Every structure is written in structure tokens, then in C-alpha cells.
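Asks: One file: target.tsv (TSV, C-alpha atoms).
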```tsv
chain	number	residue	atom	x	y	z
J	1	MET	CA	107.18	119.22	31.95
J	2	SER	CA	110.61	118.08	30.81
J	3	CYS	CA	111.36	117.21	34.44
J	4	VAL	CA	108.44	114.84	34.60
J	5	LYS	CA	109.46	111.20	34.28
J	6	GLU	CA	107.25	108.74	32.47
J	7	THR	CA	106.21	107.19	35.78
J	8	ASP	CA	105.44	110.50	37.48
J	9	ALA	CA	101.94	111.89	37.72
J	10	VAL	CA	100.81	115.42	36.95
J	11	ILE	CA	97.48	116.63	38.32
J	12	SER	CA	96.06	120.04	37.49
J	13	THR	CA	93.41	122.34	38.89
J	14	THR	CA	90.19	123.66	37.37
J	15	GLY	CA	90.03	126.19	34.59
J	16	MET	CA	92.78	127.27	32.25
J	17	ILE	CA	95.55	125.37	33.99
J	18	SER	CA	94.06	121.99	33.11
J	19	ARG	CA	93.15	123.16	29.63
J	20	GLU	CA	96.68	124.41	29.00
J	21	LEU	CA	98.22	121.19	30.31
J	22	PHE	CA	95.88	119.19	28.06
J	23	TYR	CA	96.70	121.45	25.11
J	24	HIS	CA	100.46	121.40	25.56
J	25	GLN	CA	101.31	118.05	27.08
J	26	ASP	CA	98.54	115.53	27.36
J	27	ARG	CA	99.87	112.21	28.66
J	28	LEU	CA	98.61	109.07	30.36
J	29	GLY	CA	99.82	110.17	33.78
J	30	ASN	CA	97.82	113.41	33.80
J	31	PHE	CA	94.65	113.98	35.80
J	32	TYR	CA	92.53	117.02	34.97
J	33	MET	CA	90.47	118.19	37.93
J	34	ILE	CA	87.80	119.94	35.90
J	35	GLY	CA	85.55	120.79	38.85
J	36	SER	CA	85.97	121.19	42.61
J	37	MET	CA	88.24	124.21	42.82
J	38	GLY	CA	90.47	123.85	45.84
J	39	LEU	CA	90.33	120.07	45.98
J	40	LEU	CA	93.45	119.31	43.97
J	41	SER	CA	96.07	119.38	46.73
J	42	SER	CA	93.99	117.08	48.94
J	43	PHE	CA	93.64	114.57	46.13
J	44	GLY	CA	97.36	114.91	45.42
J	45	LEU	CA	98.18	114.26	49.08
J	46	GLY	CA	96.15	111.04	49.13
J	47	LEU	CA	97.77	109.89	45.90
J	48	ALA	CA	101.27	110.71	47.11
J	49	LYS	CA	100.73	108.73	50.32
J	50	LEU	CA	99.49	105.70	48.39
J	51	HIS	CA	102.18	105.79	45.69
J	52	PRO	CA	105.36	106.69	47.55
J	53	HIS	CA	107.64	105.74	44.69
J	54	ARG	CA	106.17	108.10	42.14
J	55	LYS	CA	106.45	111.85	42.11
J	56	PHE	CA	103.27	113.90	42.01
J	57	PHE	CA	103.39	117.32	40.40
J	58	VAL	CA	100.37	119.27	41.67
J	59	LEU	CA	99.65	122.17	39.30
J	60	ASP	CA	97.56	124.56	41.35
J	61	GLY	CA	96.42	128.13	40.83
J	62	ASP	CA	96.55	131.02	43.27
J	63	GLY	CA	92.77	131.03	43.72
J	64	SER	CA	92.71	127.29	44.35
J	65	ALA	CA	95.69	127.45	46.72
J	66	LEU	CA	94.06	130.26	48.72
J	67	MET	CA	90.82	128.29	48.86
J	68	SER	CA	92.63	125.26	50.27
J	69	MET	CA	95.06	126.86	52.71
J	70	GLY	CA	94.04	124.39	55.38
J	71	THR	CA	95.20	121.62	53.07
J	72	MET	CA	98.56	123.36	52.71
J	73	ALA	CA	98.97	122.89	56.45
J	74	LEU	CA	97.86	119.27	56.17
J	75	VAL	CA	100.35	118.56	53.38
J	76	ALA	CA	103.14	120.04	55.47
J	77	ALA	CA	102.08	117.98	58.49
J	78	GLU	CA	101.86	114.74	56.52
J	79	LYS	CA	105.28	115.28	54.89
J	80	PRO	CA	104.81	113.47	51.57
J	81	ARG	CA	108.33	113.33	50.14
J	82	ASN	CA	107.09	112.89	46.60
J	83	PHE	CA	104.76	115.92	46.49
J	84	ILE	CA	105.73	118.94	44.40
J	85	HIS	CA	103.18	121.74	44.71
J	86	ILE	CA	103.48	124.18	41.86
J	87	VAL	CA	101.34	127.28	42.22
J	88	LEU	CA	100.82	129.14	38.96
J	89	ASP	CA	100.03	132.57	40.31
J	90	ASN	CA	98.45	134.96	37.82
J	91	GLU	CA	96.78	136.85	40.68
J	92	SER	CA	93.40	136.15	39.05
J	93	TYR	CA	90.42	133.91	38.67
J	94	GLU	CA	91.10	133.73	34.95
J	95	SER	CA	88.34	131.36	33.88
J	96	THR	CA	85.50	133.36	35.39
J	97	GLY	CA	86.55	136.66	33.79
J	98	ALA	CA	89.98	137.44	35.24
J	99	GLN	CA	88.74	138.89	38.52
J	100	PRO	CA	91.67	139.55	40.88
J	101	THR	CA	92.58	137.24	43.75
J	102	ILE	CA	94.28	138.50	46.87
J	103	SER	CA	97.55	136.77	46.00
J	104	ARG	CA	99.08	140.10	45.00
J	105	SER	CA	99.20	140.97	48.71
J	106	VAL	CA	99.20	137.54	50.36
J	107	PRO	CA	102.48	135.62	49.94
J	108	ILE	CA	101.29	132.07	49.33
J	109	GLY	CA	104.85	130.75	49.20
J	110	GLU	CA	105.52	132.10	52.68
J	111	ILE	CA	102.36	130.42	53.94
J	112	ALA	CA	103.64	127.11	52.61
J	113	GLN	CA	106.98	127.75	54.27
J	114	ALA	CA	105.43	128.70	57.60
J	115	SER	CA	103.19	125.61	57.44
J	116	GLY	CA	106.31	123.50	57.23
J	117	TYR	CA	106.85	122.46	53.64
J	118	ALA	CA	110.34	120.96	53.20
J	119	SER	CA	111.17	123.71	50.71
J	120	THR	CA	109.50	126.69	49.11
J	121	ALA	CA	110.65	128.99	46.34
J	122	SER	CA	109.27	131.87	44.34
J	123	VAL	CA	110.38	132.11	40.73
J	124	LYS	CA	109.77	134.60	37.98
J	125	SER	CA	111.24	132.99	34.90
J	126	CYS	CA	111.49	129.65	33.15
J	127	ALA	CA	115.19	129.55	33.87
J	128	GLU	CA	114.61	130.04	37.60
J	129	LEU	CA	111.88	127.41	37.48
J	130	ALA	CA	114.21	124.90	35.85
J	131	VAL	CA	116.80	125.43	38.58
J	132	GLU	CA	114.22	125.03	41.34
J	133	LEU	CA	112.70	121.91	39.83
J	134	GLU	CA	116.10	120.26	39.52
J	135	ARG	CA	116.70	120.99	43.19
J	136	CYS	CA	113.30	119.63	44.22
J	137	LEU	CA	113.78	116.41	42.32
J	138	VAL	CA	116.80	115.38	44.37
J	139	LYS	CA	115.51	116.34	47.81
J	140	ASP	CA	112.59	115.06	49.87
J	141	GLY	CA	109.43	117.13	49.69
J	142	PRO	CA	106.87	118.37	50.10
J	143	HIS	CA	108.05	121.24	47.95
J	144	CYS	CA	106.22	124.38	46.92
J	145	ILE	CA	107.25	126.45	43.92
J	146	LEU	CA	105.27	129.62	43.34
J	147	ILE	CA	105.56	131.06	39.85
J	148	LYS	CA	104.20	134.49	39.00
J	149	VAL	CA	102.69	134.02	35.57
J	150	GLY	CA	100.86	136.14	33.03
J	151	ILE	CA	97.22	136.08	32.13
J	152	GLU	CA	97.56	136.06	28.36
J	153	PRO	CA	94.95	133.59	27.19
J	154	ILE	CA	95.81	131.06	24.51
J	155	PRO	CA	93.60	131.89	21.52
J	156	ASN	CA	91.02	129.19	20.78
J	157	ILE	CA	92.28	126.98	23.60
J	158	PRO	CA	90.16	123.86	23.44
J	159	ARG	CA	88.22	122.35	26.29
J	160	ILE	CA	89.42	118.95	27.43
J	161	THR	CA	87.98	116.39	25.05
J	162	TYR	CA	88.05	113.42	27.44
J	163	SER	CA	84.94	112.70	29.46
J	164	PRO	CA	85.28	112.59	33.26
J	165	ASN	CA	85.13	108.79	33.19
J	166	GLU	CA	87.86	108.68	30.56
J	167	ILE	CA	90.08	110.97	32.65
J	168	ARG	CA	89.46	108.75	35.66
J	169	ASP	CA	90.06	105.43	33.90
J	170	ARG	CA	93.18	106.52	32.09
J	171	PHE	CA	94.76	107.89	35.26
J	172	ARG	CA	93.76	104.90	37.35
J	173	SER	CA	95.26	102.47	34.80
J	174	PHE	CA	98.42	104.52	34.70
J	175	LEU	CA	98.81	104.45	38.49
J	176	MET	CA	97.97	100.79	38.86
J	177	GLU	CA	100.42	99.68	36.24
J	178	ASN	CA	103.68	98.54	37.90
J	179	THR	CA	102.02	99.26	41.19
J	180	ASP	CA	104.48	100.20	43.87
J	181	GLY	CA	102.19	99.19	46.74
G	1	MET	CA	85.39	98.21	58.02
G	2	VAL	CA	88.73	96.47	58.23
G	3	SER	CA	87.12	93.11	57.51
G	4	ARG	CA	85.62	94.68	54.41
G	5	ASP	CA	89.01	95.88	53.13
G	6	TYR	CA	88.68	99.55	53.98
G	7	THR	CA	92.23	100.64	54.70
G	8	PHE	CA	92.52	104.33	53.78
G	9	PHE	CA	90.66	106.87	55.88
G	10	ALA	CA	90.62	110.64	56.23
G	11	GLY	CA	88.36	112.72	58.38
G	12	VAL	CA	87.48	115.28	61.00
G	13	PRO	CA	86.44	113.84	64.38
G	14	ASP	CA	82.97	113.51	65.88
G	15	SER	CA	82.12	112.57	69.45
G	16	THR	CA	79.33	110.32	68.12
G	17	PHE	CA	81.90	107.69	67.26
G	18	GLY	CA	83.13	107.41	70.82
G	19	PRO	CA	86.03	105.04	71.39
G	20	ALA	CA	85.64	103.61	67.87
G	21	TYR	CA	87.29	106.77	66.49
G	22	ASN	CA	90.42	106.25	68.58
G	23	ALA	CA	90.48	102.58	67.65
G	24	LEU	CA	90.41	103.60	64.00
G	25	THR	CA	93.11	106.23	64.21
G	26	SER	CA	95.45	104.10	66.27
G	27	ASN	CA	95.11	100.93	64.19
G	28	PRO	CA	98.54	100.27	62.67
G	29	HIS	CA	97.04	98.37	59.74
G	30	LEU	CA	95.09	101.39	58.54
G	31	THR	CA	96.03	104.81	57.27
G	32	TYR	CA	94.14	107.71	58.81
G	33	ILE	CA	94.78	111.27	57.67
G	34	PRO	CA	93.47	113.95	60.09
G	35	ALA	CA	92.12	116.47	57.59
G	36	THR	CA	91.53	120.13	58.36
G	37	ARG	CA	88.11	120.13	56.70
G	38	GLU	CA	85.69	117.52	55.39
G	39	ASP	CA	86.08	118.46	51.71
G	40	SER	CA	89.82	117.92	52.00
G	41	ALA	CA	89.17	114.57	53.71
G	42	LEU	CA	87.05	113.54	50.74
G	43	GLY	CA	89.81	114.50	48.29
G	44	VAL	CA	92.43	112.59	50.26
G	45	ALA	CA	90.35	109.45	50.79
G	46	SER	CA	89.25	109.33	47.14
G	47	ALA	CA	92.84	108.57	46.14
G	48	ALA	CA	92.27	105.04	47.41
G	49	TYR	CA	90.16	104.16	44.39
G	50	PHE	CA	93.09	105.06	42.13
G	51	SER	CA	95.26	102.54	43.94
G	52	GLY	CA	92.84	99.64	43.86
G	53	LYS	CA	92.05	100.23	47.53
G	54	LYS	CA	88.94	101.27	49.45
G	55	GLY	CA	88.70	104.64	51.09
G	56	ALA	CA	86.37	106.26	53.57
G	57	VAL	CA	85.71	109.67	55.07
G	58	VAL	CA	84.94	109.92	58.79
G	59	MET	CA	82.99	113.04	59.72
G	60	GLN	CA	80.17	114.69	61.62
G	61	ASN	CA	76.98	115.50	59.73
G	62	SER	CA	77.65	119.21	60.20
G	63	GLY	CA	80.41	118.72	57.65
G	64	LEU	CA	77.98	117.54	54.97
G	65	GLY	CA	77.65	121.12	53.83
G	66	ASN	CA	81.40	121.20	53.28
G	67	VAL	CA	81.42	118.21	50.95
G	68	ILE	CA	78.58	119.07	48.61
G	69	ASN	CA	80.79	120.67	45.95
G	70	PRO	CA	83.40	117.88	45.87
G	71	LEU	CA	80.55	115.35	45.82
G	72	THR	CA	78.79	116.96	42.87
G	73	SER	CA	81.80	118.07	40.84
G	74	PHE	CA	84.29	115.34	41.72
G	75	SER	CA	82.96	112.10	43.28
G	76	LEU	CA	79.63	111.96	41.43
G	77	MET	CA	81.04	113.46	38.23
G	78	TYR	CA	84.04	111.16	37.83
G	79	GLU	CA	82.07	108.31	39.45
G	80	ILE	CA	84.53	107.55	42.22
G	81	PRO	CA	83.37	105.15	44.92
G	82	ILE	CA	83.85	106.39	48.49
G	83	LEU	CA	82.24	105.60	51.82
G	84	LEU	CA	81.17	108.49	54.04
G	85	ILE	CA	80.92	107.47	57.69
G	86	ILE	CA	78.81	110.24	59.18
G	87	GLY	CA	78.11	110.87	62.83
G	88	TRP	CA	74.49	111.95	63.19
G	89	ARG	CA	74.35	114.86	65.60
G	90	GLY	CA	70.91	116.33	66.17
G	91	PHE	CA	69.32	112.95	65.51
G	92	GLY	CA	65.67	113.55	66.35
G	93	GLY	CA	65.71	117.12	65.07
G	94	HIS	CA	64.70	120.26	66.93
G	95	GLY	CA	65.19	120.00	70.67
G	96	SER	CA	67.55	117.05	70.64
G	97	ASP	CA	71.25	117.77	71.12
G	98	ALA	CA	72.68	121.31	71.01
G	99	PRO	CA	71.00	124.01	68.85
G	100	GLU	CA	73.68	124.12	66.16
G	101	HIS	CA	72.74	120.53	65.29
G	102	TRP	CA	68.95	120.88	65.09
G	103	ILE	CA	68.63	121.81	61.44
G	104	MET	CA	71.20	119.42	60.04
G	105	GLY	CA	70.01	116.71	62.44
G	106	GLU	CA	66.63	116.85	60.77
G	107	LYS	CA	67.85	117.30	57.20
G	108	THR	CA	70.82	114.92	56.98
G	109	PRO	CA	68.98	112.15	55.11
G	110	SER	CA	67.34	114.73	52.81
G	111	PHE	CA	70.71	116.09	51.71
G	112	LEU	CA	71.85	112.59	50.76
G	113	GLU	CA	68.56	111.85	49.00
G	114	LEU	CA	68.85	115.14	47.10
G	115	LEU	CA	72.17	113.98	45.68
G	116	ASP	CA	70.94	110.40	45.08
G	117	ILE	CA	73.56	109.12	47.49
G	118	PRO	CA	72.59	105.74	48.97
G	119	TYR	CA	72.81	105.48	52.74
G	120	ALA	CA	72.22	103.11	55.60
G	121	VAL	CA	71.66	103.90	59.26
G	122	LEU	CA	73.84	101.93	61.63
G	123	ASP	CA	71.99	100.49	64.59
G	124	THR	CA	73.21	98.88	67.78
G	125	GLU	CA	72.75	95.41	66.37
G	126	LEU	CA	75.19	96.46	63.61
G	127	HIS	CA	73.19	94.65	60.99
G	128	HIS	CA	75.79	93.36	58.62
G	129	GLU	CA	73.47	92.83	55.69
G	130	LYS	CA	72.55	96.53	55.62
G	131	ILE	CA	76.18	97.54	55.68
G	132	ASP	CA	77.16	95.03	53.03
G	133	GLU	CA	74.30	96.11	50.79
G	134	LEU	CA	75.47	99.72	51.05
G	135	LEU	CA	79.10	98.83	50.37
G	136	GLN	CA	78.05	96.82	47.36
G	137	SER	CA	76.08	99.75	45.92
G	138	ILE	CA	79.12	101.95	46.32
G	139	GLU	CA	81.28	99.53	44.36
G	140	ILE	CA	78.75	98.61	41.70
G	141	GLN	CA	77.38	102.09	41.06
G	142	GLN	CA	80.84	103.65	41.45
G	143	LYS	CA	79.56	106.48	43.55
G	144	PRO	CA	79.63	107.71	47.14
G	145	GLY	CA	77.51	106.04	49.80
G	146	ALA	CA	76.95	107.00	53.43
G	147	LEU	CA	76.78	105.09	56.68
G	148	LEU	CA	74.90	107.24	59.18
G	149	VAL	CA	75.83	106.66	62.79
G	150	PRO	CA	73.24	107.89	65.30
G	151	PRO	CA	74.25	108.56	68.91
G	152	GLY	CA	74.53	105.59	71.23
G	153	VAL	CA	75.64	103.02	68.65
G	154	PHE	CA	79.25	103.18	69.81
G	155	ASN	CA	79.38	103.40	73.59
```
Go ahead and render the structure in this file as C-alpha cells.
Replies:
Amino acid sequence: MSCVKETDAVISTTGMISRELFYHQDRLGNFYMIGSMGLLSSFGLGLAKLHPHRKFFVLDGDGSALMSMGTMALVAAEKPRNFIHIVLDNESYESTGAQPTISRSVPIGEIAQASGYASTASVKSCAELAVELERCLVKDGPHCILIKVGIEPIPNIPRITYSPNEIRDRFRSFLMENTDG
Amino acid sequence: MVSRDYTFFAGVPDSTFGPAYNALTSNPHLTYIPATREDSALGVASAAYFSGKKGAVVMQNSGLGNVINPLTSFSLMYEIPILLIIGWRGFGGHGSDAPEHWIMGEKTPSFLELLDIPYAVLDTELHHEKIDELLQSIEIQQKPGALLVPPGVFN
């Protein structure tokens, strides 16, 4: 999150990813997609096209990315330069009881690369992530960074306290401020 | 649609729209994103609301089944206005059009009614008042609305 500028947007997928983002780094430019698994990258694509001067960090999960593989192809085809697709891959559907996904045998990063993302990378540590993010910030996207992550739940992690309308209004105001057309 | 400030479109094609579809996708004043599936189109087009613009999804009614989850757990939940322009295959139900369209052809309005989504049926006279009333509901209620396009409206 230290790479995220004040004017950048961060959107996150359903389940623990949004809850962890809310818990660790709630900010005006965040959008928590609390339903509609698999919809995040489509929403992010539309936003990136309409706000070409902001960066959009799309925090997806492996389950969500697998569910929306067609959108991965669409993102690659549409070439949004300001789209950074971060797939937090814990190889599980954590929120529904940690059932395994197929990401342990299906290389999502390679699918992004084959679809035609401008760059893809797989990282296994925070240090590697920092290096990759720095690289992505100075080159045109769309970028995909796949990070293998653990499944350790945060004890007593709260649910998001904003209502859906509040999430919507806050994000919309953020984007429409200093609108870049 | 252009005269009503709709500028951001995403969709999956339908032959029902005829030449109007090509006119839409080749209009340099509009953005059209050719989505791989209707749910994705809904996600993309919904971004318009967050930019102070108006967005619409272009699709065939067979794709209604693919947008039910994003409608119920995104559009209707966050209350995001969006216009669904839906080609009505199987209009007339069983026996009209090809078999894969019979069931949805009959049930298209019921699906929308089930979700309390307002809709209007476009006719050849292109009654503007009906369209404007629908577009107003979308804006005022901050929810999706659908314009159903039966065959023969766009030649």
C-alpha cells in the first residue's frame, strides 16, 4: 500500500481480501466489492478506461481471478495502462471454509501473460513484491502480479462497517474530485 | 441513447439489434467495450456512474441469466444506475425463433419483475416518452432498468 499515491484507487474483491484492506488501510480511494465474486476486474477495467490519469490497483483473489478468466483476456485486449492486477493467491476459497481452488495447478500468472498483459510476475515475498510494484509503476500496464500468500486468518477481523451506499458514495466522490475527464 | 447522454457501453452482440449495433460500436463519440460475457459487461459499464457519466449494457436476453448475481449483489445492492439494452430473442415464446430461445423468450419480463427492475419494450414507433420515463426511473431510483428490444424494431 505504500506504493499507492493519494490519487490512486484500490479496489478489492469479496471476502477476506476486502476485510483485510479495510482493517489495515482504509482510505477514501478504496472500493470494497463485498458481493459479486469475479466482478472486480471488470469494474476495474471500466474505471481505468474512464480515469486514465489515475492508477487502479485491483486486489483480486485466486478464486475470483479463475472465475473471471474471460475478463483477464478482455483486460489484455483493452490495454489499460493504469491497471495493476494483483492476485493474492492462497489457493483457497478462504471465506467459505478454506476449500481449495485449482490455482495450485493452474498458473494464473501465465494465463495473464498469454492473454497479453503488458507484464506479469509471480512473487513470493514482500521484498519481491516491492521490486515488482516499483517496476510496474514506471511502465505502462496492464500489469499482473501474482503473490502466493498464506491462509492464516486475522483473529477477530471485523466486517466492513460502511454500508454499501457509503462505500459507493465515498468512492464516487473520491473519483470525481479533480476529475481527469 | 447519445441524445440522452449515454456514452459508455459494454456488451455482447445480438442479431436483434441489426445495423444499430454496428452504428453503436463504430460511433467515435462513444466508448464500446466488447465484453467476453454479460456479467463482465455489467461490471465495466457500471464504472460510468463513478465518473458522472451514463453507462449501458448491450446484450441478448439469453445473457440475463449471466447478470443475475452482479445485479443482486452489486448493482441493486450498491444502488448503481445502469441501463440494460436487451435484445428479445424468442419473443412470442414456444415455437417462435430457435428452440434455445423459447424458455427465456417467454420468461424475460418475469426475470426483470422478479428483481423489481423497471423495463420498457421498444416498439417501431420508438416512443420517446416510454424511453424517457424508464431512463428517469433509473436515475431517480438509482438502480438498473431495462429496455427490451423485440425483433423487427431495428431493420
Asks: Report as a tab-separated table: every residue of chain J with an atom at most 9 Å from chain G, its closest pair of atoms, and their distance in Å to one decimal, counting only C-alpha atoms, with rows sorted by chain and ascending residue number.
Replies:
```
residue	atom	partner	partner_atom	distance
J:Met33	CA	G:Phe74	CA	7.8
J:Ile34	CA	G:Ser73	CA	8.0
J:Gly35	CA	G:Ser73	CA	5.0
J:Ser36	CA	G:Pro70	CA	5.3
J:Met37	CA	G:Pro70	CA	8.5
J:Gly38	CA	G:Ser40	CA	8.6
J:Leu39	CA	G:Gly43	CA	6.1
J:Leu40	CA	G:Gly43	CA	7.4
J:Ser41	CA	G:Gly43	CA	8.1
J:Ser42	CA	G:Val44	CA	4.9
J:Phe43	CA	G:Gly43	CA	4.4
J:Gly44	CA	G:Val44	CA	7.3
J:Leu45	CA	G:Val44	CA	6.1
J:Gly46	CA	G:Val44	CA	4.2
J:Leu47	CA	G:Ala47	CA	5.1
J:Ala48	CA	G:Ala47	CA	8.8
J:Lys49	CA	G:Ala47	CA	8.9
J:Leu50	CA	G:Ser51	CA	6.9
J:His51	CA	G:Ser51	CA	7.8
J:Ser68	CA	G:Ser40	CA	8.0
J:Gly70	CA	G:Thr36	CA	5.8
J:Thr71	CA	G:Thr36	CA	6.6
J:Ala73	CA	G:Thr36	CA	8.2
J:Leu74	CA	G:Ala35	CA	6.5
J:Glu78	CA	G:Ile33	CA	8.0
J:Ser163	CA	G:Tyr78	CA	8.6
J:Pro164	CA	G:Tyr78	CA	4.9
J:Asn165	CA	G:Tyr78	CA	5.3
J:Glu166	CA	G:Tyr78	CA	8.6
J:Ile167	CA	G:Tyr78	CA	8.0
J:Arg168	CA	G:Tyr78	CA	6.3
J:Asp169	CA	G:Phe50	CA	8.8
J:Phe171	CA	G:Phe50	CA	7.6
J:Arg172	CA	G:Phe50	CA	4.8
J:Ser173	CA	G:Phe50	CA	8.1
J:Leu175	CA	G:Ser51	CA	6.8
J:Met176	CA	G:Ser51	CA	6.0
J:Thr179	CA	G:Ser51	CA	8.0
J:Gly181	CA	G:Ser51	CA	8.2
```
Asks: Would you export the selected residues with C-alpha atoms as an mmCIF file, keeping the file's coordinate frame, please?
Replies:
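Wrote again36.cif, looks like this:
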```
data_model
loop_
_atom_site.group_PDB
_atom_site.id
_atom_site.type_symbol
_atom_site.label_atom_id
_atom_site.label_comp_id
_atom_site.auth_asym_id
_atom_site.auth_seq_id
_atom_site.Cartn_x
_atom_site.Cartn_y
_atom_site.Cartn_z
ATOM 1 C CA MET J 33 90.470 118.190 37.930
ATOM 2 C CA ILE J 34 87.800 119.940 35.900
ATOM 3 C CA GLY J 35 85.550 120.790 38.850
ATOM 4 C CA SER J 36 85.970 121.190 42.610
ATOM 5 C CA MET J 37 88.240 124.210 42.820
ATOM 6 C CA GLY J 38 90.470 123.850 45.840
ATOM 7 C CA LEU J 39 90.330 120.070 45.980
ATOM 8 C CA LEU J 40 93.450 119.310 43.970
ATOM 9 C CA SER J 41 96.070 119.380 46.730
ATOM 10 C CA SER J 42 93.990 117.080 48.940
ATOM 11 C CA PHE J 43 93.640 114.570 46.130
ATOM 12 C CA GLY J 44 97.360 114.910 45.420
ATOM 13 C CA LEU J 45 98.180 114.260 49.080
ATOM 14 C CA GLY J 46 96.150 111.040 49.130
ATOM 15 C CA LEU J 47 97.770 109.890 45.900
ATOM 16 C CA ALA J 48 101.270 110.710 47.110
ATOM 17 C CA LYS J 49 100.730 108.730 50.320
ATOM 18 C CA LEU J 50 99.490 105.700 48.390
ATOM 19 C CA HIS J 51 102.180 105.790 45.690
ATOM 20 C CA SER J 68 92.630 125.260 50.270
ATOM 21 C CA GLY J 70 94.040 124.390 55.380
ATOM 22 C CA THR J 71 95.200 121.620 53.070
ATOM 23 C CA ALA J 73 98.970 122.890 56.450
ATOM 24 C CA LEU J 74 97.860 119.270 56.170
ATOM 25 C CA GLU J 78 101.860 114.740 56.520
ATOM 26 C CA SER J 163 84.940 112.700 29.460
ATOM 27 C CA PRO J 164 85.280 112.590 33.260
ATOM 28 C CA ASN J 165 85.130 108.790 33.190
ATOM 29 C CA GLU J 166 87.860 108.680 30.560
ATOM 30 C CA ILE J 167 90.080 110.970 32.650
ATOM 31 C CA ARG J 168 89.460 108.750 35.660
ATOM 32 C CA ASP J 169 90.060 105.430 33.900
ATOM 33 C CA PHE J 171 94.760 107.890 35.260
ATOM 34 C CA ARG J 172 93.760 104.900 37.350
ATOM 35 C CA SER J 173 95.260 102.470 34.800
ATOM 36 C CA LEU J 175 98.810 104.450 38.490
ATOM 37 C CA MET J 176 97.970 100.790 38.860
ATOM 38 C CA THR J 179 102.020 99.260 41.190
ATOM 39 C CA GLY J 181 102.190 99.190 46.740
#
```
Asks: Could you jot down the atom CA of J:Leu146 to atom CA of J:Ser18 separation for me, Å, one decimal place?
Replies: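 Taking atom CA of J:Leu146 and atom CA of J:Ser18, their separation equals 17.0 Å.
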Asks: Compile the contact shell of G:Ser62 as a PyMOL selection string: residues with an atom at most 8 Å away, counting all atoms listed in the file, same-chain residues fewer than 5 positions apart removed.
Replies: chain G and resi 89+101+104
Asks: One number please: atom CA of G:Gln60 to atom CA of G:Gly95, in Å, one decimal.
Replies: 18.3 Å
Asks: Expressed in Å to a single decimal, how great is the separation between atom CA of G:Gly152 and atom CA of G:Tyr32?
Replies: 23.3 Å
Asks: Might you pull out every residue within 9 Å of J:Glu110, with only C-alpha atoms counted and same-chain residues fewer than 5 positions away left off, and present them as a list in words?
Replies: Ser115, Thr120 and Ala121 of chain J
Asks: Please provide the set of residues having any atom within 10 Å of G:Asp14, restricted to only C-alpha atoms, with same-chain residues fewer than 2 positions apart removed, written as number ranges by chain.
Replies: G: 11-12, 16-18, 21, 58-62, 86-89
Asks: For stretch 8-23 of chain G, supply N, CA and C atoms and report the output as a compact mmCIF listing (two decimals), in the frame of the given file.
Replies:
```
# COMPACT_ATOMS: atom_id res chain seq x y z
N PHE G 8 92.02 102.96 53.94
CA PHE G 8 92.52 104.33 53.78
C PHE G 8 91.43 105.31 54.19
N PHE G 9 91.68 106.01 55.29
CA PHE G 9 90.66 106.87 55.88
C PHE G 9 91.20 108.30 56.02
N ALA G 10 90.28 109.24 55.91
CA ALA G 10 90.62 110.64 56.23
C ALA G 10 89.37 111.23 56.86
N GLY G 11 89.56 112.17 57.77
CA GLY G 11 88.36 112.72 58.38
C GLY G 11 88.60 113.83 59.37
N VAL G 12 87.51 114.28 59.93
CA VAL G 12 87.48 115.28 61.00
C VAL G 12 86.64 114.62 62.10
N PRO G 13 87.09 114.66 63.35
CA PRO G 13 86.44 113.84 64.38
C PRO G 13 85.01 114.24 64.73
N ASP G 14 84.31 113.27 65.34
CA ASP G 14 82.97 113.51 65.88
C ASP G 14 82.82 112.68 67.14
N SER G 15 82.29 113.28 68.17
CA SER G 15 82.12 112.57 69.45
C SER G 15 81.16 111.39 69.33
N THR G 16 80.29 111.41 68.32
CA THR G 16 79.33 110.32 68.12
C THR G 16 80.01 108.97 68.01
N PHE G 17 81.23 108.96 67.47
CA PHE G 17 81.90 107.69 67.26
C PHE G 17 82.49 107.10 68.53
N GLY G 18 82.62 107.91 69.56
CA GLY G 18 83.13 107.41 70.82
C GLY G 18 84.50 106.78 70.68
N PRO G 19 84.72 105.70 71.41
CA PRO G 19 86.03 105.04 71.39
C PRO G 19 86.37 104.42 70.04
N ALA G 20 85.37 104.21 69.18
CA ALA G 20 85.64 103.61 67.87
C ALA G 20 86.56 104.51 67.05
N TYR G 21 86.44 105.83 67.23
CA TYR G 21 87.29 106.77 66.49
C TYR G 21 88.75 106.55 66.85
N ASN G 22 89.03 106.47 68.15
CA ASN G 22 90.42 106.25 68.58
C ASN G 22 90.95 104.91 68.11
N ALA G 23 90.07 103.91 68.11
CA ALA G 23 90.48 102.58 67.65
C ALA G 23 90.88 102.65 66.18
```
